[in-house]
Amino acid sequence: MSIDTTNIQVKSKNRVADHGEVFTAEREVNAMLDLVKQETERVNSRFLEPACGNGNFLVKILERKLDVVTRIYAKSPIEWERYAVIAVSSIYGVDILKDNVEECRERLLNLFDVFCKKIKLSNNELKETISFILSKNILWGDALTLKTPDDKAFPIVFAEWSAVNGSMIKRMDYTMANLLESQPLDGLNLFSDLGDQAFLPKPVKEFPLVHYLKLKDME
Ligand SMILES: C[S@@+](CC[C@H](N)C(=O)[O-])C[C@H]1O[C@@H](n2cnc3c(N)ncnc32)[C@H](O)[C@@H]1O
C-alpha cells in the first residue's frame with residue numbers, strides 16, 4: 001500500500017535538513033497561482049518549476065488548464081485530446097530527489113486520467129503519450145549545476161513541443177543551460193526594444209513532425 005503524500009508538507013527531518021524539502025500547502029499554492037491567474041488558464045503557457053518537489057504547483061497548474069480545455073472541448077474528443085496534450089506538454093519540472101520526480105509524474109498522469117474519466121474518454125495510446133511527455137518534462141536534476149546529480153553529470157535537456165496544424169507536433173531538445181543563457185541575472189529583459197541582440201537557443205536534437213499519438217515512436 002502506498003502512502004498518499006499529497007497533503008504532507010514534511011516527509012522527514014533529514015530531507016528538510018539535506019534538501020530544504022518542505023512542500024507548499026494547497027491554500028498557498030492557489031493564492032500564488034492566482035497572482036498569475038490568466039497564465040495558469042492559458043492552455044499553452046509554459047511553466048518551469050526548478051525545484052518542483054512532488055508537484056504541488058504543477059498539479060494545480062495542470063488542473064486549471066485542463067478545466068479550461070474541458071469547459072470548451074468536452075463534447076469534441078479530438079479537440080479535447082489536442083489541447084490536453086498541449087496543456088501537459090507545456091508544464092516542466094526539475095527536482096534533485098528521484099522519488100519526488102516519480103511522484104510528480106505520477107500525480108500529473110493520474111490527474112490527466114481523472115479528466116479523461118470525467119469526459120468518458122478512454123484511449124490507452126493517449127495515456128501512453130502523456131506518460132512519455134511527462135518522462136521528458138519532469139526531470140531528475142540539480143537546478144544549480146543544470147546537470148544530473150550523479151557521477152555522470154549529464155546536462156539537463158528539455159524537449160520543446162510545438163503543435164502544428166492541429167494534431168502534429170514538432171519536438172526540439174535544448175539544454176537547460178542554453179535556455180537560461182537568455183535570462184540575464186540582473187533582471188528579465190525579454191522584450192527589450194533597446195537594440196540588444198536577440199537570443200536564439202540552439203537545439204541539441206530535432207525530431208521530424210509527427211502525430212501526437214506517435215511521439216514516443218520517434219525516440
Ligand atoms: C521547499 S521544497 C518545495 C517543493 C515544491 N516546489 C513545493 O512548493 O511544494 C524544495 C524542493 O527542492 C528540491 N531541491 C533542493 N535542492 C535542489 C536543487 N539543487 N535542484 C533541484 N531541486 C532541488 C528538494 O528536493 C525539494 O523537493
# chains A, B, ... in the order shown; residues from 1 in each chain; ligands from 1
>>> residues_around(residues="Asn110 of chain A", least_positions_apart="2", cutoff="12 Å", atoms="only C-alpha atoms", output="number ranges by chain")
A: 59, 62-63, 103-108, 112-117, 127, 130-131, 134
>>> write_last_selection(atoms="C-alpha atoms", output="CSV table (one decimal), in the first residue's frame")
chain,number,residue,atom,x,y,z
A,59,VAL,CA,-0.5,19.6,-10.5
A,62,LEU,CA,-2.4,21.3,-15.0
A,63,GLU,CA,-5.8,21.2,-13.2
A,103,GLU,CA,5.7,11.1,-7.6
A,104,CYS,CA,5.3,14.3,-9.6
A,105,ARG,CA,5.0,12.5,-12.9
A,106,GLU,CA,2.5,10.0,-11.4
A,107,ARG,CA,0.3,12.8,-9.9
A,108,LEU,CA,0.2,14.6,-13.2
A,112,PHE,CA,-5.0,13.6,-16.6
A,113,ASP,CA,-6.7,10.3,-16.1
A,114,VAL,CA,-9.4,11.8,-13.8
A,115,PHE,CA,-10.2,14.4,-16.5
A,116,CYS,CA,-10.4,11.6,-19.2
A,117,LYS,CA,-12.9,9.7,-17.0
A,127,LYS,CA,-2.3,7.9,-21.9
A,130,ILE,CA,1.0,11.7,-21.9
A,131,SER,CA,3.2,9.4,-19.8
A,134,LEU,CA,5.9,13.7,-18.6
>>> residues_near_ligand(ligand="ligand 1", cutoff="8 Å", atoms="only C-alpha atoms and all ligand atoms", output="number ranges by chain")
A: 9, 15, 19-25, 29, 49-57, 94-97, 100, 140-146
>>> select_by_dssp(residues="segment 47-110 of chain A", states="helix (DSSP H, G or I)", output="PyMOL selection string")
chain A and resi 56-73+77-89+98-110
>>> select_by_dssp(residues="segment 41-195 of chain A", states="strand (DSSP E or B)", output="MDAnalysis selection string")
chainID A and resid 47:49 91:95 138:140 142 147 155 157:164 168:175
>>> atom_distance(atom1="atom CA of Leu58 of chain A", atom2="atom CA of Pro203 of chain A")
24.8 Å
>>> closest_residue(among="A:Ile91, A:Leu209, A:Leu33, A:Leu109", to="Ser162 of chain A", atoms="only C-alpha atoms")
A:Leu209
>>> closest_residue(among="A:Gln183, A:Asn123, A:Ser12, A:Thr40", to="Ile61 of chain A", atoms="only C-alpha atoms")
A:Thr40
>>> residues_around(residues="Val68 of chain A", least_positions_apart="5", cutoff="10 Å", atoms="only C-alpha atoms", output="number ranges by chain")
A: 40-43, 62-63, 73-74, 83-84, 87
>>> write_last_selection(atoms="C-alpha atoms", output="PDB file, in the first residue's frame")
ATOM      1  CA  THR A  40      -2.460  29.396 -15.478  1.00  0.00           C
ATOM      2  CA  GLU A  41      -5.597  29.317 -17.608  1.00  0.00           C
ATOM      3  CA  ARG A  42      -3.838  29.830 -20.927  1.00  0.00           C
ATOM      4  CA  VAL A  43      -3.542  26.290 -22.218  1.00  0.00           C
ATOM      5  CA  LEU A  62      -2.383  21.335 -14.997  1.00  0.00           C
ATOM      6  CA  GLU A  63      -5.754  21.158 -13.245  1.00  0.00           C
ATOM      7  CA  TYR A  73     -13.999  20.956 -25.721  1.00  0.00           C
ATOM      8  CA  ALA A  74     -15.754  18.336 -23.542  1.00  0.00           C
ATOM      9  CA  TYR A  83      -5.499  20.787 -26.354  1.00  0.00           C
ATOM     10  CA  ALA A  84      -4.994  18.468 -23.391  1.00  0.00           C
ATOM     11  CA  ALA A  87      -1.589  21.617 -21.699  1.00  0.00           C
TER      12      ALA A  87
END
>>> closest_residue(among="A:Tyr212, A:Lys98, A:Glu81, A:Arg64", to="Lys37 of chain A", atoms="only C-alpha atoms")
A:Arg64
>>> atom_distance(atom1="atom CA of Val16 of chain A", atom2="atom CA of Asn30 of chain A")
22.8 Å
>>> closest_residue(among="A:Val164, A:Val101, A:Ile156, A:Ile138", to="Val204 of chain A", atoms="only C-alpha atoms")
A:Ile156
>>> residues_around(residues="Val210 of chain A", least_positions_apart="3", cutoff="12 Å", atoms="only C-alpha atoms", output="MDAnalysis selection string")
chainID A and resid 161:171 206:207 213:219
>>> write_last_selection(atoms="C-alpha atoms", output="PDB file, in the first residue's frame")
ATOM      1  CA  TRP A 161       6.802  20.575 -28.103  1.00  0.00           C
ATOM      2  CA  SER A 162       5.108  22.785 -30.674  1.00  0.00           C
ATOM      3  CA  ALA A 163       1.716  21.970 -32.146  1.00  0.00           C
ATOM      4  CA  VAL A 164       1.496  22.326 -35.921  1.00  0.00           C
ATOM      5  CA  ASN A 165      -1.725  22.026 -37.932  1.00  0.00           C
ATOM      6  CA  GLY A 166      -3.795  20.580 -35.091  1.00  0.00           C
ATOM      7  CA  SER A 167      -2.569  17.060 -34.455  1.00  0.00           C
ATOM      8  CA  MET A 168       1.091  17.242 -35.465  1.00  0.00           C
ATOM      9  CA  ILE A 169       3.893  18.019 -33.030  1.00  0.00           C
ATOM     10  CA  LYS A 170       7.408  19.299 -33.639  1.00  0.00           C
ATOM     11  CA  ARG A 171       9.884  18.354 -30.918  1.00  0.00           C
ATOM     12  CA  GLU A 206      15.443  17.942 -33.685  1.00  0.00           C
ATOM     13  CA  PHE A 207      12.736  15.434 -34.475  1.00  0.00           C
ATOM     14  CA  LEU A 213      -0.101   9.759 -30.592  1.00  0.00           C
ATOM     15  CA  LYS A 214       3.176   8.696 -32.256  1.00  0.00           C
ATOM     16  CA  LEU A 215       5.548  10.920 -30.279  1.00  0.00           C
ATOM     17  CA  LYS A 216       7.151   8.077 -28.386  1.00  0.00           C
ATOM     18  CA  ASP A 217       7.949   6.207 -31.627  1.00  0.00           C
ATOM     19  CA  MET A 218      10.408   8.977 -32.531  1.00  0.00           C
ATOM     20  CA  GLU A 219      12.617   8.334 -29.528  1.00  0.00           C
TER      21      GLU A 219
END
>>> atom_distance(atom1="atom CA of Val36 of chain A", atom2="atom CA of Asp99 of chain A")
28.6 Å
>>> residues_around(residues="Glu181 of chain A", least_positions_apart="4", cutoff="10 Å", atoms="only C-alpha atoms", output="CSV table (one decimal) with C-alpha atoms, in the first residue's frame")
chain,number,residue,atom,x,y,z
A,176,MET,CA,18.6,23.9,-19.7
A,177,ALA,CA,21.9,25.7,-19.5
A,185,LEU,CA,20.9,37.6,-13.8
A,199,PHE,CA,18.8,35.3,-28.3
A,200,LEU,CA,18.0,32.1,-30.2
A,201,PRO,CA,18.8,28.9,-28.2
>>> decode(residues="segment 43-54 of chain A", atoms="all heavy atoms", output="CSV table (one decimal), in the first residue's frame")
chain,number,residue,atom,x,y,z
A,43,VAL,N,-3.9,27.7,-22.1
A,43,VAL,CA,-3.5,26.3,-22.2
A,43,VAL,C,-2.1,26.1,-22.6
A,43,VAL,O,-1.4,25.1,-22.2
A,43,VAL,CB,-4.5,25.6,-23.2
A,43,VAL,CG1,-4.1,24.2,-23.5
A,43,VAL,CG2,-5.9,25.7,-22.7
A,44,ASN,N,-1.6,26.9,-23.5
A,44,ASN,CA,-0.2,26.7,-24.0
A,44,ASN,C,0.9,27.5,-23.3
A,44,ASN,O,2.0,27.6,-23.7
A,44,ASN,CB,-0.1,26.9,-25.5
A,44,ASN,CG,-0.5,28.3,-25.9
A,44,ASN,OD1,-0.9,29.1,-25.0
A,44,ASN,ND2,-0.3,28.7,-27.1
A,45,SER,N,0.5,28.2,-22.1
A,45,SER,CA,1.6,29.0,-21.5
A,45,SER,C,2.5,28.0,-20.8
A,45,SER,O,2.1,27.1,-20.1
A,45,SER,CB,1.0,30.0,-20.6
A,45,SER,OG,0.8,29.5,-19.3
A,46,ARG,N,3.8,28.2,-20.9
A,46,ARG,CA,4.8,27.3,-20.4
A,46,ARG,C,5.3,27.7,-19.0
A,46,ARG,O,5.5,28.8,-18.7
A,46,ARG,CB,6.1,27.3,-21.3
A,46,ARG,CG,5.8,26.7,-22.7
A,46,ARG,CD,7.1,26.4,-23.4
A,46,ARG,NE,6.8,25.6,-24.6
A,46,ARG,CZ,6.7,26.2,-25.9
A,46,ARG,NH1,7.0,27.4,-26.0
A,46,ARG,NH2,6.5,25.4,-26.9
A,47,PHE,N,5.3,26.6,-18.1
A,47,PHE,CA,5.7,26.8,-16.8
A,47,PHE,C,6.9,25.8,-16.5
A,47,PHE,O,6.8,24.7,-16.9
A,47,PHE,CB,4.6,26.4,-15.8
A,47,PHE,CG,3.5,27.4,-15.6
A,47,PHE,CD1,2.5,27.5,-16.5
A,47,PHE,CD2,3.6,28.3,-14.6
A,47,PHE,CE1,1.5,28.5,-16.4
A,47,PHE,CE2,2.6,29.3,-14.4
A,47,PHE,CZ,1.5,29.4,-15.3
A,48,LEU,N,7.9,26.4,-15.8
A,48,LEU,CA,9.0,25.5,-15.4
A,48,LEU,C,9.2,25.7,-13.9
A,48,LEU,O,9.4,26.9,-13.4
A,48,LEU,CB,10.3,25.9,-16.1
A,48,LEU,CG,11.6,25.4,-15.4
A,48,LEU,CD1,11.7,23.9,-15.4
A,48,LEU,CD2,12.8,25.9,-16.1
A,49,GLU,N,9.2,24.7,-13.1
A,49,GLU,CA,9.5,24.8,-11.7
A,49,GLU,C,10.8,24.1,-11.4
A,49,GLU,O,10.8,22.8,-11.5
A,49,GLU,CB,8.3,24.2,-10.8
A,49,GLU,CG,8.2,25.0,-9.6
A,49,GLU,CD,7.5,24.2,-8.5
A,49,GLU,OE1,6.6,23.4,-8.8
A,49,GLU,OE2,7.8,24.5,-7.3
A,50,PRO,N,11.8,24.8,-11.1
A,50,PRO,CA,13.2,24.2,-11.0
A,50,PRO,C,13.4,23.4,-9.7
A,50,PRO,O,14.4,22.8,-9.5
A,50,PRO,CB,14.1,25.4,-11.1
A,50,PRO,CG,13.3,26.6,-10.9
A,50,PRO,CD,11.9,26.3,-10.9
A,51,ALA,N,12.5,23.4,-8.7
A,51,ALA,CA,12.6,22.6,-7.5
A,51,ALA,C,11.2,22.1,-7.2
A,51,ALA,O,10.5,22.5,-6.3
A,51,ALA,CB,13.2,23.4,-6.4
A,52,CYS,N,10.7,21.3,-8.1
A,52,CYS,CA,9.2,21.0,-8.2
A,52,CYS,C,8.7,20.1,-7.1
A,52,CYS,O,7.5,20.0,-6.9
A,52,CYS,CB,8.8,20.5,-9.5
A,52,CYS,SG,9.5,18.9,-9.9
A,53,GLY,N,9.6,19.5,-6.3
A,53,GLY,CA,9.1,18.6,-5.3
A,53,GLY,C,8.2,17.5,-5.9
A,53,GLY,O,8.5,17.0,-7.0
A,54,ASN,N,7.1,17.1,-5.2
A,54,ASN,CA,6.2,16.1,-5.8
A,54,ASN,C,5.1,16.7,-6.6
A,54,ASN,O,4.1,16.1,-6.9
A,54,ASN,CB,5.7,15.2,-4.7
A,54,ASN,CG,4.9,15.9,-3.6
A,54,ASN,OD1,4.7,17.2,-3.8
A,54,ASN,ND2,4.4,15.2,-2.6
